[in-house]
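So this one's protein.pdb, PDB, C-alpha atoms:
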```pdb
ATOM      1  CA  MET A  24     -28.789 165.936 137.654
ATOM      2  CA  MET A  25     -29.676 164.323 140.980
ATOM      3  CA  ARG A  26     -30.608 166.524 143.920
ATOM      4  CA  VAL A  27     -29.138 165.182 147.159
ATOM      5  CA  LEU A  28     -29.874 166.549 150.615
ATOM      6  CA  PHE A  29     -26.905 166.575 152.993
ATOM      7  CA  ALA A  30     -28.722 165.951 156.283
ATOM      8  CA  ALA A  31     -25.768 165.709 158.650
ATOM      9  CA  PRO A  32     -24.190 167.935 161.317
ATOM     10  CA  ASP A  33     -22.834 171.282 160.091
ATOM     11  CA  SER A  34     -19.267 170.349 161.040
ATOM     12  CA  LEU A  35     -19.217 167.650 158.345
ATOM     13  CA  TRP A  36     -20.410 169.843 155.501
ATOM     14  CA  PRO A  37     -17.155 171.502 154.304
ATOM     15  CA  ASP A  38     -15.114 168.325 153.795
ATOM     16  CA  TRP A  39     -17.959 166.194 152.483
ATOM     17  CA  ALA A  40     -19.288 168.847 150.106
ATOM     18  CA  THR A  41     -15.856 169.363 148.561
ATOM     19  CA  VAL A  42     -15.222 165.672 147.919
ATOM     20  CA  LEU A  43     -18.757 164.701 146.869
ATOM     21  CA  THR A  44     -19.118 167.472 144.288
ATOM     22  CA  ARG A  45     -15.714 166.617 142.857
ATOM     23  CA  LEU A  46     -16.530 162.917 142.550
ATOM     24  CA  ALA A  47     -20.083 163.426 141.252
ATOM     25  CA  PRO A  48     -20.415 166.589 139.151
ATOM     26  CA  GLU A  49     -23.936 165.484 138.256
ATOM     27  CA  MET A  50     -24.955 165.898 141.911
ATOM     28  CA  ASP A  51     -26.824 168.968 143.123
ATOM     29  CA  LEU A  52     -25.815 168.762 146.778
ATOM     30  CA  VAL A  53     -27.927 170.982 149.027
ATOM     31  CA  ARG A  54     -28.476 171.666 152.718
ATOM     32  CA  GLU A  55     -32.149 172.549 152.325
ATOM     33  CA  ALA A  56     -34.749 172.409 149.559
ATOM     34  CA  ASP A  57     -38.355 171.500 148.853
ATOM     35  CA  PRO A  58     -38.557 167.915 150.237
ATOM     36  CA  ALA A  59     -40.437 166.752 147.133
ATOM     37  CA  SER A  60     -37.475 167.784 144.957
ATOM     38  CA  ILE A  61     -34.970 165.571 146.785
ATOM     39  CA  ASP A  62     -33.809 162.397 145.008
ATOM     40  CA  ALA A  63     -31.665 161.011 147.842
ATOM     41  CA  ILE A  64     -30.474 161.877 151.340
ATOM     42  CA  ILE A  65     -27.021 161.615 152.883
ATOM     43  CA  PHE A  66     -27.759 161.241 156.566
ATOM     44  CA  ALA A  67     -26.072 161.275 159.957
ATOM     45  CA  PRO A  68     -27.760 161.612 163.360
ATOM     46  CA  GLY A  69     -27.500 165.066 164.874
ATOM     47  CA  GLY A  70     -28.197 166.870 161.613
ATOM     48  CA  PRO A  71     -31.074 169.192 160.744
ATOM     49  CA  VAL A  72     -33.528 166.507 159.596
ATOM     50  CA  GLY A  73     -35.460 164.271 161.956
ATOM     51  CA  ASP A  74     -38.714 163.767 160.058
ATOM     52  CA  LEU A  75     -38.081 161.883 156.818
ATOM     53  CA  SER A  76     -41.719 161.526 155.802
ATOM     54  CA  PRO A  77     -41.870 164.655 153.552
ATOM     55  CA  PHE A  78     -39.161 163.241 151.265
ATOM     56  CA  VAL A  79     -41.597 161.187 149.253
ATOM     57  CA  ASN A  80     -39.433 161.006 146.123
ATOM     58  CA  ALA A  81     -36.151 160.104 147.810
ATOM     59  CA  ARG A  82     -34.880 156.778 146.508
ATOM     60  CA  LEU A  83     -32.228 156.246 149.169
ATOM     61  CA  VAL A  84     -31.093 157.337 152.611
ATOM     62  CA  GLN A  85     -27.331 156.810 152.728
ATOM     63  CA  SER A  86     -25.933 156.681 156.252
ATOM     64  CA  LEU A  87     -22.498 158.135 156.892
ATOM     65  CA  TRP A  88     -21.927 155.713 159.769
ATOM     66  CA  ALA A  89     -21.642 151.935 159.987
ATOM     67  CA  GLY A  90     -24.097 151.810 162.890
ATOM     68  CA  VAL A  91     -27.668 152.591 161.906
ATOM     69  CA  GLU A  92     -29.607 151.901 165.120
ATOM     70  CA  ARG A  93     -30.438 155.603 165.528
ATOM     71  CA  ILE A  94     -31.823 155.744 161.985
ATOM     72  CA  VAL A  95     -33.556 152.421 161.424
ATOM     73  CA  THR A  96     -35.726 153.007 164.494
ATOM     74  CA  ASN A  97     -36.988 156.347 163.125
ATOM     75  CA  PRO A  98     -40.716 155.760 162.498
ATOM     76  CA  THR A  99     -40.721 158.309 159.644
ATOM     77  CA  LEU A 100     -38.178 156.331 157.627
ATOM     78  CA  THR A 101     -39.904 154.777 154.610
ATOM     79  CA  GLN A 102     -37.063 155.038 152.089
ATOM     80  CA  PRO A 103     -34.425 152.325 151.523
ATOM     81  CA  LEU A 104     -31.561 152.767 153.985
ATOM     82  CA  ALA A 105     -27.914 151.881 153.300
ATOM     83  CA  ARG A 106     -25.249 151.726 156.002
ATOM     84  CA  MET A 107     -21.708 152.918 155.403
ATOM     85  CA  VAL A 108     -19.169 150.209 154.682
ATOM     86  CA  ASP A 109     -15.932 151.598 153.316
ATOM     87  CA  PRO A 110     -12.346 150.326 153.208
ATOM     88  CA  GLY A 111     -10.953 153.089 155.409
ATOM     89  CA  LEU A 112     -13.452 152.417 158.182
ATOM     90  CA  ALA A 113     -12.826 148.676 158.013
ATOM     91  CA  ARG A 114      -9.048 149.098 158.072
ATOM     92  CA  GLY A 115      -9.263 151.522 160.989
ATOM     93  CA  MET A 116     -11.265 148.987 162.982
ATOM     94  CA  ALA A 117      -8.835 146.194 162.086
ATOM     95  CA  GLU A 118      -5.841 148.276 163.174
ATOM     96  CA  TYR A 119      -7.500 149.253 166.465
ATOM     97  CA  CYS A 120      -8.405 145.665 167.330
ATOM     98  CA  THR A 121      -5.017 144.327 166.263
ATOM     99  CA  GLY A 122      -3.149 146.884 168.353
ATOM    100  CA  TRP A 123      -5.052 146.088 171.531
ATOM    101  CA  ALA A 124      -5.016 142.335 170.830
ATOM    102  CA  MET A 125      -1.225 142.484 170.574
ATOM    103  CA  ARG A 126      -1.046 144.389 173.866
ATOM    104  CA  ALA A 127      -3.116 141.630 175.467
ATOM    105  CA  HIS A 128      -1.169 138.824 173.800
ATOM    106  CA  LEU A 129       2.272 140.203 174.718
ATOM    107  CA  ARG A 130       1.134 141.073 178.277
ATOM    108  CA  MET A 131       2.749 144.474 177.855
ATOM    109  CA  ASP A 132       1.313 145.805 181.106
ATOM    110  CA  ALA A 133       3.349 143.292 183.124
ATOM    111  CA  TYR A 134       6.595 145.097 182.363
ATOM    112  CA  ALA A 135       6.381 147.849 184.960
ATOM    113  CA  GLN A 136       9.319 150.253 185.224
ATOM    114  CA  ASP A 137      10.111 149.310 188.807
ATOM    115  CA  GLY A 138      13.542 147.693 188.607
ATOM    116  CA  VAL A 139      12.242 144.110 188.591
ATOM    117  CA  TRP A 140      13.740 141.881 185.869
ATOM    118  CA  ARG A 141      10.760 139.780 184.678
ATOM    119  CA  ASN A 142      12.295 137.572 182.014
ATOM    120  CA  ASP A 143       9.950 134.701 182.877
ATOM    121  CA  LEU A 144       7.052 136.464 181.138
ATOM    122  CA  THR A 145       7.964 135.640 177.536
ATOM    123  CA  PRO A 146       4.629 135.199 175.718
ATOM    124  CA  PRO A 147       3.898 132.319 173.366
ATOM    125  CA  LEU A 148       3.697 132.942 169.636
ATOM    126  CA  ALA A 149       0.350 134.140 168.323
ATOM    127  CA  ASP A 150      -0.713 130.730 167.030
ATOM    128  CA  ALA A 151      -0.982 129.565 170.642
ATOM    129  CA  ARG A 152      -3.537 132.253 171.468
ATOM    130  CA  GLN A 153      -7.210 132.199 170.482
ATOM    131  CA  VAL A 154      -9.076 135.355 169.550
ATOM    132  CA  THR A 155     -12.861 135.169 169.283
ATOM    133  CA  ILE A 156     -14.726 137.829 167.322
ATOM    134  CA  LEU A 157     -18.418 138.361 168.023
ATOM    135  CA  GLY A 158     -19.937 139.712 164.804
ATOM    136  CA  MET A 159     -18.573 138.536 161.464
ATOM    137  CA  GLY A 160     -19.879 141.260 159.164
ATOM    138  CA  GLU A 161     -17.650 143.512 157.066
ATOM    139  CA  LEU A 162     -15.789 144.842 160.094
ATOM    140  CA  GLY A 163     -15.414 141.450 161.748
ATOM    141  CA  ARG A 164     -14.014 139.921 158.598
ATOM    142  CA  SER A 165     -11.511 142.770 158.218
ATOM    143  CA  VAL A 166     -10.348 142.294 161.797
ATOM    144  CA  ALA A 167     -10.064 138.539 161.269
ATOM    145  CA  ALA A 168      -7.986 139.001 158.117
ATOM    146  CA  MET A 169      -5.446 141.210 159.899
ATOM    147  CA  LEU A 170      -5.233 139.039 163.021
ATOM    148  CA  GLY A 171      -5.030 135.886 160.927
ATOM    149  CA  GLY A 172      -2.073 137.355 159.061
ATOM    150  CA  ILE A 173      -0.208 137.588 162.365
ATOM    151  CA  GLY A 174      -0.997 133.968 163.150
ATOM    152  CA  PHE A 175      -3.683 134.045 165.852
ATOM    153  CA  ARG A 176      -6.101 131.148 166.081
ATOM    154  CA  LEU A 177      -9.490 132.622 165.218
ATOM    155  CA  ALA A 178     -13.075 131.849 166.119
ATOM    156  CA  GLY A 179     -16.106 133.912 165.242
ATOM    157  CA  PHE A 180     -19.763 134.188 166.119
ATOM    158  CA  SER A 181     -22.580 135.353 163.855
ATOM    159  CA  ALA A 182     -26.295 134.783 163.531
ATOM    160  CA  SER A 183     -25.928 133.664 159.918
ATOM    161  CA  GLY A 184     -23.016 131.301 160.524
ATOM    162  CA  ARG A 185     -21.587 132.287 157.143
ATOM    163  CA  ALA A 186     -18.188 130.741 156.499
ATOM    164  CA  VAL A 187     -15.128 132.980 156.785
ATOM    165  CA  PRO A 188     -11.715 131.740 155.578
ATOM    166  CA  GLY A 189      -9.397 130.896 158.462
ATOM    167  CA  VAL A 190     -12.103 131.346 161.113
ATOM    168  CA  ARG A 191     -14.112 128.733 162.972
ATOM    169  CA  VAL A 192     -17.551 130.352 162.936
ATOM    170  CA  PHE A 193     -20.200 129.528 165.554
ATOM    171  CA  ARG A 194     -23.896 130.229 165.129
ATOM    172  CA  SER A 195     -26.332 131.312 167.848
ATOM    173  CA  ASP A 196     -26.389 127.929 169.558
ATOM    174  CA  GLY A 197     -22.598 127.938 169.775
ATOM    175  CA  LEU A 198     -22.102 131.200 171.680
ATOM    176  CA  ASP A 199     -21.206 129.475 174.953
ATOM    177  CA  GLN A 200     -18.531 127.388 173.239
ATOM    178  CA  ALA A 201     -17.153 130.408 171.395
ATOM    179  CA  LEU A 202     -16.837 132.347 174.669
ATOM    180  CA  SER A 203     -15.302 129.457 176.616
ATOM    181  CA  GLN A 204     -12.291 129.413 174.274
ATOM    182  CA  ALA A 205     -11.778 133.171 173.934
ATOM    183  CA  GLU A 206      -8.499 134.241 175.497
ATOM    184  CA  ILE A 207      -9.070 137.563 173.743
ATOM    185  CA  LEU A 208     -12.687 138.504 172.985
ATOM    186  CA  ILE A 209     -13.511 141.230 170.450
ATOM    187  CA  THR A 210     -17.126 142.368 170.236
ATOM    188  CA  LEU A 211     -18.348 143.880 166.978
ATOM    189  CA  LEU A 212     -22.044 143.048 167.211
ATOM    190  CA  PRO A 213     -24.668 145.594 166.107
ATOM    191  CA  ASP A 214     -27.134 147.144 168.529
ATOM    192  CA  THR A 215     -30.353 145.125 168.190
ATOM    193  CA  PRO A 216     -32.952 143.761 170.632
ATOM    194  CA  HIS A 217     -31.161 140.394 170.413
ATOM    195  CA  THR A 218     -27.712 141.727 171.312
ATOM    196  CA  ARG A 219     -28.515 144.218 174.083
ATOM    197  CA  GLY A 220     -27.142 142.930 177.371
ATOM    198  CA  LEU A 221     -25.891 139.759 175.667
ATOM    199  CA  LEU A 222     -22.660 139.704 177.668
ATOM    200  CA  ASP A 223     -24.132 139.438 181.138
ATOM    201  CA  ALA A 224     -22.669 137.843 184.251
ATOM    202  CA  GLY A 225     -23.369 134.317 183.038
ATOM    203  CA  GLN A 226     -21.757 134.813 179.650
ATOM    204  CA  LEU A 227     -18.731 136.663 181.030
ATOM    205  CA  ALA A 228     -18.168 133.802 183.489
ATOM    206  CA  LEU A 229     -17.652 131.473 180.516
ATOM    207  CA  LEU A 230     -14.543 133.326 179.393
ATOM    208  CA  PRO A 231     -11.214 131.759 180.399
ATOM    209  CA  LYS A 232      -9.535 133.223 183.480
ATOM    210  CA  ASP A 233      -7.464 136.323 182.659
ATOM    211  CA  ALA A 234      -9.170 136.764 179.271
ATOM    212  CA  TRP A 235      -9.153 140.230 177.749
ATOM    213  CA  LEU A 236     -12.291 141.846 176.366
ATOM    214  CA  ILE A 237     -12.060 144.467 173.600
ATOM    215  CA  ASN A 238     -15.305 146.251 172.743
ATOM    216  CA  PRO A 239     -15.248 148.721 169.833
ATOM    217  CA  GLY A 240     -18.693 147.625 168.609
ATOM    218  CA  ARG A 241     -21.677 148.776 170.676
ATOM    219  CA  GLY A 242     -21.834 149.631 174.377
ATOM    220  CA  THR A 243     -25.282 148.084 174.748
ATOM    221  CA  VAL A 244     -23.874 144.571 174.261
ATOM    222  CA  LEU A 245     -22.257 144.662 177.705
ATOM    223  CA  ASP A 246     -23.806 144.533 181.157
ATOM    224  CA  ASP A 247     -21.590 147.179 182.766
ATOM    225  CA  ASP A 248     -22.119 146.040 186.348
ATOM    226  CA  ALA A 249     -21.434 142.419 185.439
ATOM    227  CA  LEU A 250     -18.222 143.423 183.677
ATOM    228  CA  LEU A 251     -16.986 145.397 186.679
ATOM    229  CA  ALA A 252     -17.802 142.477 188.972
ATOM    230  CA  ALA A 253     -15.903 140.024 186.763
ATOM    231  CA  LEU A 254     -12.881 142.342 186.758
ATOM    232  CA  ASP A 255     -13.043 142.894 190.527
ATOM    233  CA  LYS A 256     -13.133 139.150 191.156
ATOM    234  CA  GLY A 257      -9.979 138.742 189.091
ATOM    235  CA  HIS A 258     -11.681 136.476 186.588
ATOM    236  CA  LEU A 259     -11.104 138.792 183.628
ATOM    237  CA  GLY A 260      -7.689 140.240 182.958
ATOM    238  CA  HIS A 261      -8.607 143.554 181.334
ATOM    239  CA  ALA A 262     -11.302 145.344 179.331
ATOM    240  CA  VAL A 263     -10.616 147.817 176.530
ATOM    241  CA  LEU A 264     -13.792 149.819 175.932
ATOM    242  CA  ASP A 265     -14.354 152.236 173.068
ATOM    243  CA  VAL A 266     -18.174 152.424 173.151
ATOM    244  CA  PHE A 267     -20.643 152.957 175.966
ATOM    245  CA  ARG A 268     -24.358 153.018 176.716
ATOM    246  CA  ALA A 269     -24.215 156.791 177.160
ATOM    247  CA  GLU A 270     -21.588 158.925 175.425
ATOM    248  CA  PRO A 271     -19.506 160.814 176.328
ATOM    249  CA  LEU A 272     -18.805 158.542 179.265
ATOM    250  CA  ALA A 273     -19.710 160.363 182.492
ATOM    251  CA  PRO A 274     -16.618 161.776 184.263
ATOM    252  CA  ARG A 275     -17.356 159.812 187.443
ATOM    253  CA  HIS A 276     -18.162 156.506 185.788
ATOM    254  CA  PRO A 277     -16.206 153.682 187.479
ATOM    255  CA  PHE A 278     -14.687 152.622 184.161
ATOM    256  CA  TRP A 279     -12.405 155.682 184.258
ATOM    257  CA  SER A 280     -10.696 154.741 187.516
ATOM    258  CA  HIS A 281     -10.735 150.955 187.340
ATOM    259  CA  PRO A 282      -7.173 149.568 187.110
ATOM    260  CA  ARG A 283      -8.252 146.825 184.709
ATOM    261  CA  VAL A 284     -10.171 149.028 182.277
ATOM    262  CA  THR A 285      -8.836 151.127 179.416
ATOM    263  CA  VAL A 286     -11.246 153.725 178.031
ATOM    264  CA  THR A 287     -10.907 155.112 174.510
ATOM    265  CA  PRO A 288     -13.346 157.810 173.280
ATOM    266  CA  HIS A 289     -15.220 156.048 170.438
ATOM    267  CA  ILE A 290     -12.343 156.398 167.970
ATOM    268  CA  ALA A 291     -11.839 152.798 166.819
ATOM    269  CA  ALA A 292     -13.386 153.228 163.375
ATOM    270  CA  GLU A 293     -14.046 156.729 162.114
ATOM    271  CA  THR A 294     -15.716 157.368 158.770
ATOM    272  CA  ARG A 295     -13.009 158.957 156.628
ATOM    273  CA  VAL A 296     -14.243 161.222 153.861
ATOM    274  CA  GLU A 297     -11.614 160.183 151.332
ATOM    275  CA  THR A 298     -12.575 156.495 151.472
ATOM    276  CA  ALA A 299     -16.280 156.804 152.328
ATOM    277  CA  ALA A 300     -17.317 159.393 149.730
ATOM    278  CA  PRO A 301     -16.736 157.054 146.745
ATOM    279  CA  VAL A 302     -18.978 154.474 148.424
ATOM    280  CA  ALA A 303     -21.733 157.045 148.929
ATOM    281  CA  VAL A 304     -21.468 158.252 145.328
ATOM    282  CA  GLU A 305     -21.631 154.704 143.972
ATOM    283  CA  ASN A 306     -24.770 154.005 145.984
ATOM    284  CA  LEU A 307     -26.449 157.251 144.924
ATOM    285  CA  ARG A 308     -25.807 156.449 141.281
ATOM    286  CA  ARG A 309     -27.147 152.932 141.754
ATOM    287  CA  ALA A 310     -30.323 154.250 143.374
ATOM    288  CA  MET A 311     -30.900 156.789 140.601
ATOM    289  CA  ALA A 312     -30.378 154.132 137.928
ATOM    290  CA  GLY A 313     -32.665 151.629 139.632
ATOM    291  CA  ARG A 314     -29.821 149.194 140.279
ATOM    292  CA  PRO A 315     -29.271 147.216 143.517
ATOM    293  CA  VAL A 316     -27.929 149.346 146.345
ATOM    294  CA  LEU A 317     -24.861 148.253 148.305
ATOM    295  CA  HIS A 318     -25.085 147.490 152.038
ATOM    296  CA  LEU A 319     -28.869 147.819 152.196
ATOM    297  CA  VAL A 320     -30.187 147.590 155.755
ATOM    298  CA  ASP A 321     -32.556 144.785 156.667
ATOM    299  CA  ARG A 322     -35.239 146.533 158.739
ATOM    300  CA  GLN A 323     -36.195 143.323 160.552
ATOM    301  CA  ARG A 324     -32.638 142.599 161.720
ATOM    302  CA  GLY A 325     -31.791 146.256 162.284
ATOM    303  CA  TYR A 326     -28.520 146.216 160.355
TER
END
```
Structure translated into structure tokens:
Amino acid sequence: MMRVLFAAPDSLWPDWATVLTRLAPEMDLVREADPASIDAIIFAPGGPVGDLSPFVNARLVQSLWAGVERIVTNPTLTQPLARMVDPGLARGMAEYCTGWAMRAHLRMDAYAQDGVWRNDLTPPLADARQVTILGMGELGRSVAAMLGGIGFRLAGFSASGRAVPGVRVFRSDGLDQALSQAEILITLLPDTPHTRGLLDAGQLALLPKDAWLINPGRGTVLDDDALLAALDKGHLGHAVLDVFRAEPLAPRHPFWSHPRVTVTPHIAAETRVETAAPVAVENLRRAMAGRPVLHLVDRQRGY
């Protein structure tokens, strides 16, 4: 029997408890207990636990979210930390990015219902359009696979430069080149000291005129003022934003009213219990058996 603390917001408990106990009958899933008796922790920010130091026997902290910047920076975290990577989350992100990329590619917004017959706006086929994805981790690769299946030309950017089938991958010294070719730019970078404010005025100016930017990754990657300026100048065509520096986005933030911005409320890639719970259970069993844990976070990189 492994004793697992569910340290996540109360609203998540009913669904997660039902699925986890069904998948892992050997799990004693609790909301509170003597910290020394806990073998592992299922964690999400906003739950009842902030200080992780009393859990001296916990072999794993399993995040329920893909982003771990609010956990990895916790100075009381001494246990191994795993981020959530599950097929439902990855597919949700791929579908979100593909939907908005197709809107950009087909120039759907040009067809206003105003009685004007615009049959000179026929878009090229997808293989004439380049999509650049910043961040080629699990989510980036899922997005690339779906977009590649449609026929888009694909480029990617990652610190590791790891090869991805069908994608021309640029490393850190190739960011400028990757941006200069991006007719549609999708940002899926994690929130780290190296990525915060990465897309500033200088970098946004490298994008081709009328390029679309789709950001379902992290709001901190963008310089908000620089983005608004690039849109106001007419250099960028549109920005689809799902994540922001402060959430919920303030009601009077200029993104809401800007004609070239579409705001979505951080819904691109939700953790779905039915696909994420098996991943969590597998990792808990690995930790208890002393086997390598999946999706272990590198503390130095922050993801």
Might you pull out every residue within 12 Å of Arg45 of chain A, with all atoms listed in the file counted and same-chain residues fewer than 4 positions away left off, and present them as a ChimeraX atom specification?
-> /A:38-41,49-52,297,300-301,304
Nearest candidate to Val302 of chain A (options A:Cys120, A:Leu317, A:Ala178, A:Leu129; using all atoms listed in the file) =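 Of A:Cys120, A:Leu317, A:Ala178, A:Leu129, the one nearest Val302 of chain A is A:Leu317, counting all atoms listed in the file.
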Taking the file above as input, evaluate the PyMOL selection byres ((chain A and resi 113) around 9) and report the hits as a CSV table (one decimal) with C-alpha atoms, in the frame of the given file.
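result-v4.csv was written with the following content:
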```csv
chain,number,residue,atom,x,y,z
A,108,VAL,CA,-19.2,150.2,154.7
A,109,ASP,CA,-15.9,151.6,153.3
A,110,PRO,CA,-12.3,150.3,153.2
A,111,GLY,CA,-11.0,153.1,155.4
A,112,LEU,CA,-13.5,152.4,158.2
A,114,ARG,CA,-9.0,149.1,158.1
A,115,GLY,CA,-9.3,151.5,161.0
A,116,MET,CA,-11.3,149.0,163.0
A,117,ALA,CA,-8.8,146.2,162.1
A,118,GLU,CA,-5.8,148.3,163.2
A,161,GLU,CA,-17.6,143.5,157.1
A,162,LEU,CA,-15.8,144.8,160.1
A,163,GLY,CA,-15.4,141.4,161.7
A,164,ARG,CA,-14.0,139.9,158.6
A,165,SER,CA,-11.5,142.8,158.2
A,166,VAL,CA,-10.3,142.3,161.8
A,292,ALA,CA,-13.4,153.2,163.4
```
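Nearest-residue note for Ala224 of chain A: choosing from A:Ala205, A:Ser76, A:Gly242, A:Leu259, the minimum distance belongs to A:Leu259, counting only C-alpha atoms.
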Result set, the PyMOL selection byres ((chain A and resi 261) around 6) on current file, as an MDAnalysis selection string | chainID A and resid 235 259:260 262 283:284
Between A:Met125, A:Ile94, A:Ala47, A:Ala81, which is the closest to Ala67 of chain A once you count all atoms listed in the file?
-> A:Ile94
Once the PyMOL selection byres ((chain A and resi 190) around 12) has been applied to the shown file, what residues remain in the selection, as a PyMOL selection string?
-> chain A and resi 153-157+159+163-172+174-181+184-189+191-193+201
Quick one: of A:Asp62, A:Asp196, A:Asp246, A:Asp150, who's nearest to Gln226 of chain A, counting all atoms listed in the file?
->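 Of all the options, A:Asp246 lies closest to Gln226 of chain A.
Distances to Leu251 of chain A were evaluated for A:Pro277, A:Asn238, A:Pro58, A:Phe267 using all atoms listed in the file, and the minimum falls at A:Pro277.
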